[in-house]
Amino acid sequence: MTTQQSNTSPNSADSTSNSFNGLPLPPAMQATLQQLGYMTMTPIQAASLPITLAGHDLIAQAKTGSGKTAAFALALLTKLNPRRFAVQAMVLCPTRELADQVTQEIRRLARSADNIKILTLCGGSTMRPQISSLEHGAHIVVGTPGRIMDHMERGTLNLEALSTLVLDEADRMLDMGFYEDIAFVAKRCPAERQTLLFSATYPDGITRLARQFMCKPKEVKLLEQHEGTKISQRFYEVEEEQRLQSVAVLLKHYRPISTLAFCNTKQQCRSLLEALHARGIKALTLNGDMEQRERDQVLIQFANRSCSVLVATDVAARGLDIDKLEMVINVDVTPDPEIHVHRIGRTGRADQNGCALTLCGPADRNRIITIAKSMRIVPEWHELDELKEDDQSPLVPPMVTLRILGGRKEKIRAGDVLGALTGDAGYTREQVGKIAVTEFSTYVAVDRNIAHEAVRKLAAGKVKGKTVKVHAL
Ligand code: ADP
Ligand code: MG
């Protein structure tokens with residue numbers, strides 16, 4: 001394996017060497033990138049596109065939000081023959097949510113090309129429509145390993161023409177126990193193909209996958225070095241029995257709008273949730289046992305600023321594309337420095353200053369030493385006693401999520417809901433936050449002060465000419 005290492009640093013975005021112009025991409029694709037506002041390549045794109053476009057196998061490691069999708073999508077799109085109605089590229093993703101995100105990004109990038117059909121194949125949806133879509137021919141399929149395997153076993157997915165196989169979020173798929181499924185799928189793909197593997201971290205299983213299913217892969221790793229430029233890290237000494245309570249103390253002192261709190265176990269997540277609720281703090285948690293609809297609801301509430309804290313394990317949080325986090329709290333210290341770096345990388349995105357707080361019990365000392373060494377930092381120690389809970393007003397999120405029963409199935413669009421709120425109901429655009437339309441429900445964030453009244457007005461009025469049921473979450 002060839003290893004290429006590069007470090008992401010603010011200065012590495014050199015506009016001449018990082019322009020897409022230097023890549024062997026068709027002019028129409030260059031134009032699409034321009035239209036999308038992709039002026040320069042992200043570091044992972046700059047490091048991997050020359051390799052993927054040259055047809056090599058690749059293992060690429062970079063954090064969430066670094067632009068990995070385009071790093072493989074541009075390669076598979078340029079190889080595609082639109083006149084051949086057969087599946088030529090397949091992307092495996094851990095969850096439906098991520099598969100949807102990938103599909104969307106490929107669609108955006110493919111818009112200059114004529115009639116490229118991309119199909120999402122995930123569990124949780126009925127087989128029949130997927131089968132009939134496959135019968136009509138697709139060029140690219142994006143899906144979860146289980147469902148893809150189902151289709152292969154039924155003979156409804158033919159992979160004879162496949163020339164690119166992508167394993168996206170490979171570490172998370174391994175965490176979710178998909179090794180065997182991935183193996184099943186990869187073994188039945190044509191041997192003559194390009195295999196691309198993307199991952200945020202690098203657990204052992206990745207090497208096993210690579211050895212078994214990849215051909216002389218090149219490797220690109222983007223080590224994150226936050227070196228205090230954007231993220232201020234503070235380490236708080238706590239006694240074990242204070243750990244959960246101190247999260248609320250930190251939150252009431254710093255008063256962030258959105259915080260991601262990491263615990264090492266699901267049980268700890270549950271305990272923290274209880275502790276936060278007891279202090280009147282709106283918190284939600286994500287875990288693998290949740291149904292997709294519950295997950296969607298949690299993520300929507302967190303993203304639209306109507307939930308102050310999202311409590312999660314590393315497994316549950318991986319791959320989530322949530323932006324603008326003011327704060328990350330490591331409620332438990334992770335034994336793996338790489339995971340620590342990944343956790344704190346969730347704050348301070350897009351040139352905003354981030355804040356990462358880590359709670360250290362007496363038994364965590366060694367872990368902190370390892371983390372500090374690997375990040376080459378001197379930990380900044382603080383004591384909880386320094387924090388005055390001077391502002392005793394409760395910490396409440398600025399928005400409230402209203403759920404309207406009715407979604408894509410009822411052909412409701414975001415504009416319909418915005419229209420109802422700013423039209424008949426008489427609110428301003430500023431009082432309405434994010435609107436998310438799912439299959440059966442629509443979620444709209446509204447200013448906390450108008451939430452109660454907005455529920456009443458929406459229920460009394462009409463959305464898309466129909467009376468709707470509404471409640472606040
Ligand atoms: P990852 O898979 O690494 O988590 P994504 O591929 O989902 O990241 O990209 C994150 C976001 O960055 C997306 O909204 C995408 O449209 C945007 N993006 C990707 N590449 C570029 C680029 N070169 N310039 C500007 N935005 C980009
Ligand atoms: Mg991704």
# chains A, B, ... in the order shown; residues from 1 in each chain; ligands from 1
>>> residues_around(residues="stretch 361-378 of chain A", least_positions_apart="2", cutoff="8 Å", atoms="only C-alpha atoms", output="PDB file with N, CA and C atoms, in the first residue's frame")
ATOM      1  N   GLN A 225      -5.708  18.337  12.609  1.00  0.00           N
ATOM      2  CA  GLN A 225      -4.931  18.976  13.658  1.00  0.00           C
ATOM      3  C   GLN A 225      -5.594  20.287  13.993  1.00  0.00           C
ATOM      4  N   GLU A 227      -5.038  22.005  16.748  1.00  0.00           N
ATOM      5  CA  GLU A 227      -4.073  22.840  17.479  1.00  0.00           C
ATOM      6  C   GLU A 227      -4.595  24.160  18.016  1.00  0.00           C
ATOM      7  N   GLU A 237     -11.742  18.906  35.949  1.00  0.00           N
ATOM      8  CA  GLU A 237     -11.580  17.821  36.920  1.00  0.00           C
ATOM      9  C   GLU A 237     -12.887  17.604  37.665  1.00  0.00           C
ATOM     10  N   VAL A 238     -13.346  16.384  37.688  1.00  0.00           N
ATOM     11  CA  VAL A 238     -14.565  16.080  38.440  1.00  0.00           C
ATOM     12  C   VAL A 238     -14.380  14.800  39.259  1.00  0.00           C
ATOM     13  N   GLU A 239     -15.155  14.700  40.297  1.00  0.00           N
ATOM     14  CA  GLU A 239     -15.236  13.431  41.017  1.00  0.00           C
ATOM     15  C   GLU A 239     -16.236  12.576  40.257  1.00  0.00           C
ATOM     16  N   GLU A 240     -16.069  11.260  40.359  1.00  0.00           N
ATOM     17  CA  GLU A 240     -16.941  10.366  39.607  1.00  0.00           C
ATOM     18  C   GLU A 240     -18.423  10.655  39.841  1.00  0.00           C
ATOM     19  N   ARG A 243     -19.981  13.627  37.901  1.00  0.00           N
ATOM     20  CA  ARG A 243     -19.836  13.690  36.448  1.00  0.00           C
ATOM     21  C   ARG A 243     -21.122  14.129  35.718  1.00  0.00           C
ATOM     22  N   VAL A 333     -14.365  10.247  28.943  1.00  0.00           N
ATOM     23  CA  VAL A 333     -13.164  10.367  28.119  1.00  0.00           C
ATOM     24  C   VAL A 333     -13.018   9.073  27.321  1.00  0.00           C
ATOM     25  N   THR A 334     -12.750   9.203  26.034  1.00  0.00           N
ATOM     26  CA  THR A 334     -12.559   8.003  25.228  1.00  0.00           C
ATOM     27  C   THR A 334     -11.112   7.513  25.355  1.00  0.00           C
ATOM     28  N   PRO A 335     -10.905   6.204  25.339  1.00  0.00           N
ATOM     29  CA  PRO A 335      -9.532   5.699  25.407  1.00  0.00           C
ATOM     30  C   PRO A 335      -8.772   5.918  24.089  1.00  0.00           C
ATOM     31  N   ASP A 336      -9.464   6.234  23.014  1.00  0.00           N
ATOM     32  CA  ASP A 336      -8.816   6.336  21.716  1.00  0.00           C
ATOM     33  C   ASP A 336      -8.639   7.806  21.313  1.00  0.00           C
ATOM     34  N   PRO A 337      -7.375   8.289  21.264  1.00  0.00           N
ATOM     35  CA  PRO A 337      -7.131   9.702  20.949  1.00  0.00           C
ATOM     36  C   PRO A 337      -7.728  10.101  19.603  1.00  0.00           C
ATOM     37  N   HIS A 340     -11.207  10.959  20.138  1.00  0.00           N
ATOM     38  CA  HIS A 340     -11.310  12.259  20.818  1.00  0.00           C
ATOM     39  C   HIS A 340     -11.223  13.395  19.804  1.00  0.00           C
ATOM     40  N   VAL A 341     -10.263  13.301  18.900  1.00  0.00           N
ATOM     41  CA  VAL A 341     -10.079  14.344  17.885  1.00  0.00           C
ATOM     42  C   VAL A 341     -11.328  14.430  17.010  1.00  0.00           C
ATOM     43  N   LEU A 359     -14.756  16.146  30.630  1.00  0.00           N
ATOM     44  CA  LEU A 359     -14.848  15.886  32.067  1.00  0.00           C
ATOM     45  C   LEU A 359     -13.912  14.735  32.432  1.00  0.00           C
ATOM     46  N   GLU A 380      -5.492  22.309  29.142  1.00  0.00           N
ATOM     47  CA  GLU A 380      -5.829  23.467  29.965  1.00  0.00           C
ATOM     48  C   GLU A 380      -6.816  22.989  31.029  1.00  0.00           C
TER      49      GLU A 380
END
>>> residues_around(residues="A:Pro256", least_positions_apart="5", cutoff="8 Å", atoms="only C-alpha atoms", output="list in words")
Leu251, Ser308, Glu326 and Met327 of chain A
>>> residues_near_ligand(ligand="ligand 1", cutoff="10 Å", atoms="only C-alpha atoms and all ligand atoms", output="PyMOL selection string")
chain A and resi 18-20+33-34+36-46+61-73+98+101-102+104-106+108-109+168-169+198-200+318-323
>>> closest_residue(among="A:Met290, A:Ala436, A:Val468, A:Ala138", to="A:Ala420", atoms="only C-alpha atoms")
A:Val468
>>> atom_distance(atom1="atom CA of A:Thr78", atom2="atom CA of A:Val220")
20.9 Å
>>> closest_residue(among="A:Asn330, A:Asn449, A:Thr95, A:Thr52", to="ligand 2", atoms="only C-alpha atoms and all ligand atoms")
A:Thr95
>>> select_by_dssp(residues="stretch 225-257 of chain A", states="alpha helix (DSSP H)", output="PyMOL selection string")
chain A and resi 243-254
>>> closest_atom_pairs(of="stretch 142-166 of chain A", to="stretch 53-59 of chain A", cutoff="12 Å", atoms="only C-alpha atoms", output="tab-separated table")
residue	atom	partner	partner_atom	distance
A:Ser163	CA	A:Gly55	CA	10.0
A:Thr164	CA	A:Gly55	CA	9.3
A:Leu165	CA	A:Asp57	CA	9.6
A:Val166	CA	A:Leu58	CA	9.6
>>> select_by_dssp(residues="stretch 61-120 of chain A", states="strand (DSSP E)", output="number ranges by chain")
A: 61, 89-92, 118-120
>>> closest_residue(among="A:Ala451, A:Ala31, A:Met214, A:Met399", to="A:Leu197", atoms="only C-alpha atoms")
A:Met214
>>> residues_around(residues="A:Gly137", least_positions_apart="2", cutoff="7 Å", atoms="only C-alpha atoms", output="list in words")
Phe85, Ala86, Ser133, Leu134, Glu135 and His139 of chain A
>>> closest_residue(among="A:Val470, A:Leu25, A:Val396, A:Cys360", to="A:Ser306", atoms="only C-alpha atoms")
A:Val396
>>> closest_residue(among="A:Ala186, A:Arg172, A:Val309, A:His342", to="ligand 2", atoms="only C-alpha atoms and all ligand atoms")
A:Arg172
>>> closest_residue(among="A:Ile51, A:Leu80, A:Pro94, A:Val417", to="ligand 2", atoms="only C-alpha atoms and all ligand atoms")
A:Pro94
>>> residues_around(residues="A:Thr103", least_positions_apart="4", cutoff="9 Å", atoms="only C-alpha atoms", output="ChimeraX atom specification")
/A:98-99,107-108,118-120,141-142
>>> atom_distance(atom1="atom CA of A:Val455", atom2="atom CA of A:Gly423")
14.6 Å
>>> atom_distance(atom1="atom CA of A:Gly345", atom2="atom CA of A:Lys252")
22.4 Å
>>> residues_around(residues="stretch 154-162 of chain A", least_positions_apart="2", cutoff="6 Å", atoms="only C-alpha atoms", output="PyMOL selection string")
chain A and resi 87-89+151-152+164
>>> write_last_selection(atoms="N, CA and C atoms", output="PDB file, in the first residue's frame")
ATOM      1  N   VAL A  87     -26.509  -1.132 -14.189  1.00  0.00           N
ATOM      2  CA  VAL A  87     -25.883  -0.580 -12.987  1.00  0.00           C
ATOM      3  C   VAL A  87     -24.361  -0.618 -13.141  1.00  0.00           C
ATOM      4  N   GLN A  88     -23.756   0.557 -13.193  1.00  0.00           N
ATOM      5  CA  GLN A  88     -22.306   0.632 -13.399  1.00  0.00           C
ATOM      6  C   GLN A  88     -21.565   1.062 -12.139  1.00  0.00           C
ATOM      7  N   ALA A  89     -22.290   1.609 -11.181  1.00  0.00           N
ATOM      8  CA  ALA A  89     -21.647   2.022  -9.931  1.00  0.00           C
ATOM      9  C   ALA A  89     -22.583   1.756  -8.771  1.00  0.00           C
ATOM     10  N   HIS A 151     -31.802  -7.759  -2.747  1.00  0.00           N
ATOM     11  CA  HIS A 151     -32.074  -7.656  -4.185  1.00  0.00           C
ATOM     12  C   HIS A 151     -31.201  -8.614  -4.983  1.00  0.00           C
ATOM     13  N   MET A 152     -29.953  -8.779  -4.522  1.00  0.00           N
ATOM     14  CA  MET A 152     -29.070  -9.693  -5.259  1.00  0.00           C
ATOM     15  C   MET A 152     -29.582 -11.114  -5.151  1.00  0.00           C
ATOM     16  N   THR A 164     -17.605   0.369 -10.639  1.00  0.00           N
ATOM     17  CA  THR A 164     -17.138   1.055  -9.423  1.00  0.00           C
ATOM     18  C   THR A 164     -17.956   0.603  -8.215  1.00  0.00           C
TER      19      THR A 164
END
